[in-house]
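For reference, work-v2.tsv (TSV, C-alpha atoms):
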```tsv
chain	number	residue	atom	x	y	z
A	1	MET	CA	-61.60	-29.03	6.60
A	2	LYS	CA	-63.40	-28.85	3.22
A	3	LYS	CA	-63.10	-25.04	3.23
A	4	VAL	CA	-59.34	-25.20	3.84
A	5	VAL	CA	-58.80	-27.69	1.03
A	6	LEU	CA	-61.10	-25.74	-1.31
A	7	SER	CA	-59.30	-22.44	-0.62
A	8	PHE	CA	-55.94	-24.15	-1.15
A	9	VAL	CA	-57.06	-25.54	-4.52
A	10	ILE	CA	-58.47	-22.19	-5.68
A	11	GLY	CA	-55.30	-20.39	-4.55
A	12	SER	CA	-53.13	-22.87	-6.41
A	13	ILE	CA	-55.12	-22.49	-9.61
A	14	LEU	CA	-54.96	-18.69	-9.43
A	15	SER	CA	-51.24	-18.67	-8.73
A	16	LEU	CA	-50.64	-20.82	-11.80
A	17	ALA	CA	-52.96	-18.82	-14.04
A	18	LEU	CA	-51.51	-15.34	-13.30
A	19	PRO	CA	-47.91	-16.02	-14.35
A	20	ALA	CA	-49.15	-17.56	-17.60
A	21	GLN	CA	-50.88	-14.28	-18.47
A	22	ALA	CA	-47.82	-12.19	-17.60
A	23	GLN	CA	-45.67	-14.09	-20.09
A	24	ASP	CA	-47.88	-13.35	-23.09
A	25	THR	CA	-45.77	-11.12	-25.34
A	26	ALA	CA	-47.74	-11.46	-28.58
A	27	MET	CA	-49.47	-8.10	-28.14
A	28	PRO	CA	-48.22	-5.38	-30.51
A	29	VAL	CA	-46.59	-2.44	-28.79
A	30	SER	CA	-48.27	0.86	-29.69
A	31	TYR	CA	-50.13	3.82	-28.25
A	32	THR	CA	-53.16	5.48	-29.84
A	33	GLU	CA	-55.34	8.27	-28.53
A	34	ARG	CA	-58.21	10.39	-29.80
A	35	VAL	CA	-58.39	13.80	-28.16
A	36	ALA	CA	-61.53	15.92	-28.17
A	37	ASP	CA	-61.00	19.66	-28.38
A	38	GLU	CA	-63.65	22.18	-27.37
A	39	GLU	CA	-62.70	24.64	-30.10
A	40	PRO	CA	-60.94	22.57	-32.73
A	41	ASP	CA	-59.08	24.76	-35.20
A	42	GLN	CA	-57.50	22.19	-37.51
A	43	THR	CA	-54.91	24.65	-38.80
A	44	VAL	CA	-53.72	25.50	-35.29
A	45	LEU	CA	-53.66	21.85	-34.22
A	46	PHE	CA	-51.68	20.83	-37.31
A	47	ARG	CA	-49.22	23.70	-36.88
A	48	ARG	CA	-48.72	22.78	-33.24
A	49	ALA	CA	-48.08	19.11	-34.08
A	50	SER	CA	-45.67	20.13	-36.86
A	51	ASP	CA	-43.80	22.36	-34.43
A	52	TRP	CA	-43.45	19.46	-31.97
A	53	VAL	CA	-42.05	17.18	-34.68
A	54	GLU	CA	-39.67	19.82	-36.04
A	55	ASN	CA	-38.44	21.35	-32.76
A	56	HIS	CA	-39.26	19.06	-29.82
A	57	PHE	CA	-39.03	15.56	-31.30
A	58	SER	CA	-35.92	14.28	-29.52
A	59	TYR	CA	-35.99	10.71	-30.84
A	60	SER	CA	-33.25	10.89	-33.41
A	61	PRO	CA	-32.32	10.02	-35.98
A	62	LYS	CA	-35.68	11.20	-37.16
A	63	LYS	CA	-37.29	11.51	-40.54
A	64	VAL	CA	-40.45	13.34	-41.53
A	65	ILE	CA	-42.22	10.90	-43.82
A	66	SER	CA	-45.10	13.10	-44.95
A	67	THR	CA	-46.98	16.26	-44.08
A	68	ASP	CA	-50.26	17.34	-45.59
A	69	ALA	CA	-51.66	20.52	-44.08
A	70	VAL	CA	-54.82	20.33	-46.21
A	71	LYS	CA	-55.72	16.87	-44.86
A	72	GLY	CA	-54.24	17.63	-41.44
A	73	GLU	CA	-51.97	14.58	-41.53
A	74	LEU	CA	-48.41	14.24	-40.34
A	75	ARG	CA	-46.14	11.17	-40.29
A	76	ALA	CA	-42.67	11.04	-38.78
A	77	GLU	CA	-40.24	8.29	-37.94
A	78	GLY	CA	-38.00	8.34	-34.88
A	79	THR	CA	-35.55	6.06	-33.14
A	80	VAL	CA	-35.26	4.85	-29.55
A	81	LYS	CA	-33.08	2.16	-27.99
A	82	VAL	CA	-33.91	-0.97	-26.01
A	83	LYS	CA	-31.48	-3.21	-24.18
A	84	THR	CA	-31.18	-6.97	-24.34
A	85	ALA	CA	-29.06	-9.05	-22.00
A	86	THR	CA	-26.59	-11.80	-22.78
A	87	THR	CA	-26.43	-14.91	-20.63
A	88	SER	CA	-23.36	-13.40	-18.94
A	89	GLY	CA	-25.37	-10.32	-17.96
A	90	GLN	CA	-23.92	-7.84	-20.48
A	91	LEU	CA	-26.42	-5.36	-21.89
A	92	GLN	CA	-26.61	-4.62	-25.60
A	93	GLU	CA	-28.50	-1.64	-27.02
A	94	LEU	CA	-30.59	-2.16	-30.12
A	95	PRO	CA	-32.18	0.69	-32.11
A	96	VAL	CA	-35.94	0.59	-32.57
A	97	ARG	CA	-37.66	2.71	-35.19
A	98	PHE	CA	-41.20	3.86	-34.59
A	99	GLU	CA	-43.75	5.83	-36.54
A	100	PHE	CA	-45.61	8.83	-35.14
A	101	VAL	CA	-48.88	9.58	-36.94
A	102	PHE	CA	-51.07	12.66	-36.35
A	103	HIS	CA	-54.51	13.50	-37.86
A	104	THR	CA	-56.76	16.46	-37.27
A	105	LEU	CA	-60.44	15.69	-36.86
A	106	ALA	CA	-63.59	17.80	-36.89
A	107	SER	CA	-63.79	17.38	-33.10
A	108	GLY	CA	-60.07	17.45	-32.22
A	109	TYR	CA	-57.21	15.18	-33.25
A	110	ASP	CA	-55.84	11.70	-32.94
A	111	TYR	CA	-52.30	10.42	-32.86
A	112	SER	CA	-50.47	7.15	-32.54
A	113	VAL	CA	-47.01	5.83	-31.82
A	114	GLY	CA	-46.42	2.41	-33.30
A	115	GLN	CA	-45.19	0.39	-36.28
A	116	LEU	CA	-42.06	-0.57	-34.33
A	117	ARG	CA	-39.17	-2.13	-36.25
A	118	ILE	CA	-35.96	-3.25	-34.61
A	119	ALA	CA	-32.43	-3.45	-35.99
A	120	SER	CA	-31.44	-6.83	-34.58
A	121	ASP	CA	-27.82	-6.33	-35.71
A	122	PRO	CA	-26.38	-3.04	-34.35
A	123	LYS	CA	-23.74	-3.14	-37.11
A	124	LYS	CA	-26.50	-3.01	-39.75
A	125	PRO	CA	-29.00	-0.39	-38.49
A	126	GLU	CA	-30.72	-0.15	-41.88
A	127	GLU	CA	-31.84	-3.80	-41.79
A	128	THR	CA	-34.90	-3.98	-39.56
A	129	VAL	CA	-37.52	-6.56	-38.70
A	130	PRO	CA	-41.00	-6.04	-37.22
A	131	PHE	CA	-40.80	-5.76	-33.44
A	132	GLU	CA	-43.32	-8.55	-32.78
A	133	GLU	CA	-41.36	-10.91	-35.01
A	134	PHE	CA	-38.13	-10.15	-33.12
A	135	VAL	CA	-39.84	-10.69	-29.75
A	136	ALA	CA	-41.13	-14.06	-30.97
A	137	GLN	CA	-37.57	-15.01	-31.95
A	138	LEU	CA	-36.33	-14.02	-28.50
A	139	ALA	CA	-39.10	-16.02	-26.81
A	140	ALA	CA	-38.06	-19.10	-28.79
A	141	ASP	CA	-34.38	-18.65	-27.91
A	142	ARG	CA	-33.05	-21.37	-25.62
A	143	THR	CA	-31.41	-18.79	-23.30
A	144	ASN	CA	-34.63	-16.83	-22.81
A	145	ALA	CA	-35.35	-18.60	-19.51
A	146	ARG	CA	-32.23	-16.88	-18.12
A	147	THR	CA	-32.35	-13.53	-19.89
A	148	HIS	CA	-36.12	-12.92	-20.23
A	149	ASN	CA	-35.24	-10.71	-23.21
A	150	ASP	CA	-38.69	-11.06	-24.75
A	151	ARG	CA	-40.35	-9.52	-21.72
A	152	ARG	CA	-37.47	-7.12	-21.11
A	153	ILE	CA	-37.64	-5.39	-24.48
A	154	THR	CA	-41.43	-5.53	-24.66
A	155	ALA	CA	-41.62	-3.67	-21.34
A	156	GLN	CA	-39.02	-1.16	-22.48
A	157	ALA	CA	-40.77	-0.57	-25.81
A	158	SER	CA	-44.15	-0.14	-24.08
A	159	SER	CA	-42.63	2.38	-21.70
A	160	LEU	CA	-40.96	4.29	-24.53
A	161	THR	CA	-44.14	4.50	-26.64
A	162	SER	CA	-46.01	5.83	-23.61
A	163	GLU	CA	-43.22	8.34	-22.95
A	164	ILE	CA	-43.35	9.59	-26.54
A	165	ALA	CA	-47.13	9.90	-26.40
A	166	MET	CA	-47.00	11.75	-23.06
A	167	SER	CA	-44.40	14.16	-24.45
A	168	PHE	CA	-46.61	14.96	-27.43
A	169	ARG	CA	-49.81	15.24	-25.42
A	170	SER	CA	-48.11	17.50	-22.87
A	171	TYR	CA	-46.89	19.75	-25.66
A	172	MET	CA	-50.33	19.89	-27.27
A	173	ASN	CA	-51.97	20.64	-23.91
A	174	SER	CA	-49.60	23.55	-23.27
A	175	ARG	CA	-50.62	25.53	-26.33
A	176	PRO	CA	-51.49	29.17	-25.74
A	177	ALA	CA	-55.13	30.15	-25.47
A	178	ALA	CA	-56.77	31.71	-28.52
A	179	GLY	CA	-55.80	35.37	-28.78
A	180	ALA	CA	-52.87	35.08	-26.36
A	181	ILE	CA	-49.63	36.83	-27.13
A	182	GLU	CA	-46.92	34.32	-27.98
```

Starting from the file, give its structure as structure tokens.
Amino acid sequence: MKKVVLSFVIGSILSLALPAQAQDTAMPVSYTERVADEEPDQTVLFRRASDWVENHFSYSPKKVISTDAVKGELRAEGTVKVKTATTSGQLQELPVRFEFVFHTLASGYDYSVGQLRIASDPKKPEETVPFEEFVAQLAADRTNARTHNDRRITAQASSLTSEIAMSFRSYMNSRPAAGAIE
């Protein structure tokens, strides 16, 4: 009998603890990776990253913030969309700007997708607020228990940052071998 009661108590505690963790939305949404390269040629890596931003960066409107071939640094800004729900179930798209940052290293390169800013008013896309601040506002909204917008857009933004990073990494991994005819 003691074992049954004990297992019931432990199960109850665990079931209450897990949902509390799932609702934590204070984590910033970003993706960062450092990639080791066996034969790092910083010029080739930088040129490849620049080509991706110029020709394969499909997250528009986009803006190249800075490029420095000597330092091997590249910064670009792109836009994706997330959807929030109204209490009636209507979906509303909101633009989210992100920053893509690339650096060449002596042993390869690193890149990140982050610095998200959201245009909370679709009629004023130039006025943005930090993503984490907007999520905190949504979490405090009295209708959030019905819409779950804080979790909804955090999940969407996490997915989109991963998608952007996978697109870049896939492009970098598909570069021709040294000496290959392009």

Restricting the calculation to only C-alpha atoms: of A:Gln90, A:Thr128, A:Asn149, A:Ser170, which residue gets closest to A:His56? A:Ser170

Counting all atoms listed in the file, which residue out of A:Leu105, A:Ala139, A:Leu94, A:Ala85 sits closest to A:Val44?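 The answer is A:Leu105, which sits nearest to A:Val44.
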
10 Å contact set for A:Pro122, only C-alpha atoms, chain neighbours under 5 positions out, as a PyMOL selection string: chain A and resi 92-95+127

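The neighbours of stretch 60-64 of chain A here are the residues that come within 12 Å of it, using only C-alpha atoms and leaving out any residue fewer than 6 positions away in the same chain; they are Ser50, Asp51, Trp52, Val53, Glu54, Glu73, Leu74, Arg75, Ala76, Glu77, Gly78, Thr79, Val80, Lys81, Pro95, Val96, Arg97, Phe98, Glu99, Phe100, Val101, Phe102, Pro125 and Glu126 of chain A.
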
Just give me the gap between atom CA of A:Ser107 and atom CA of A:Ser158 in Å, one decimal is fine.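 Going from atom CA of A:Ser107 over to atom CA of A:Ser158, I get 27.8 Å.
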
Could you check which of A:Thr87, A:Leu116, A:Thr43, A:Gly72 is closest to A:Leu160, using all atoms listed in the file?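 Of all the options, A:Leu116 lies closest to A:Leu160.
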
Centre and edge lengths, as AutoDock Vina command-line options, for the axis-aligned box enclosing every listed atom of stretch 73-79 of chain A with 8 Å of padding on each of the six sides, in Å to one decimal?
```
--center_x -43.8 --center_y 10.3 --center_z -37.3 --size_x 32.4 --size_y 24.5 --size_z 24.4
```

Around (-38.0, -8.2, -35.6) in the file's frame, which residues reach within 12 Å when counting only C-alpha atoms? Return as a VMD selection string? chain A and resid 28 94 to 97 115 to 121 127 to 139 150 153 to 154

Store the residues picked out above in a file with C-alpha atoms, as a CSV table (one decimal), in the frame of the given file.
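The result, stored in selection.csv:
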```csv
chain,number,residue,atom,x,y,z
A,28,PRO,CA,-48.2,-5.4,-30.5
A,94,LEU,CA,-30.6,-2.2,-30.1
A,95,PRO,CA,-32.2,0.7,-32.1
A,96,VAL,CA,-35.9,0.6,-32.6
A,97,ARG,CA,-37.7,2.7,-35.2
A,115,GLN,CA,-45.2,0.4,-36.3
A,116,LEU,CA,-42.1,-0.6,-34.3
A,117,ARG,CA,-39.2,-2.1,-36.2
A,118,ILE,CA,-36.0,-3.2,-34.6
A,119,ALA,CA,-32.4,-3.4,-36.0
A,120,SER,CA,-31.4,-6.8,-34.6
A,121,ASP,CA,-27.8,-6.3,-35.7
A,127,GLU,CA,-31.8,-3.8,-41.8
A,128,THR,CA,-34.9,-4.0,-39.6
A,129,VAL,CA,-37.5,-6.6,-38.7
A,130,PRO,CA,-41.0,-6.0,-37.2
A,131,PHE,CA,-40.8,-5.8,-33.4
A,132,GLU,CA,-43.3,-8.6,-32.8
A,133,GLU,CA,-41.4,-10.9,-35.0
A,134,PHE,CA,-38.1,-10.2,-33.1
A,135,VAL,CA,-39.8,-10.7,-29.8
A,136,ALA,CA,-41.1,-14.1,-31.0
A,137,GLN,CA,-37.6,-15.0,-32.0
A,138,LEU,CA,-36.3,-14.0,-28.5
A,139,ALA,CA,-39.1,-16.0,-26.8
A,150,ASP,CA,-38.7,-11.1,-24.8
A,153,ILE,CA,-37.6,-5.4,-24.5
A,154,THR,CA,-41.4,-5.5,-24.7
```

Give as a list in words every residue, naming chains and numbers as the document does, that has an atom within 10 Å of (-62.9, 22.9, -31.9), counting all atoms listed in the file. Ala36, Asp37, Glu38, Glu39, Pro40, Asp41, Gln42, Leu45, Leu105, Ala106, Ser107, Gly108 and Tyr109 of chain A

Distance of atom CA of A:Gln156 from atom CA of A:His103, expressed in Å to one decimal place: 26.3 Å

Using all atoms listed in the file, the residue out of A:Ser88, A:Asn144, A:Ser58, A:Ser112 with shortest distance to A:Ala165 is A:Ser112

Between atom CA of A:Arg151 and atom CA of A:Val113, distance in Å (one decimal):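 Distance between the two atoms: 19.5 Å.
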
Nearest to A:Tyr31 by atom-to-atom distance, counting only C-alpha atoms, from A:Val82, A:Thr147, A:Asp141, A:Asp110: A:Asp110
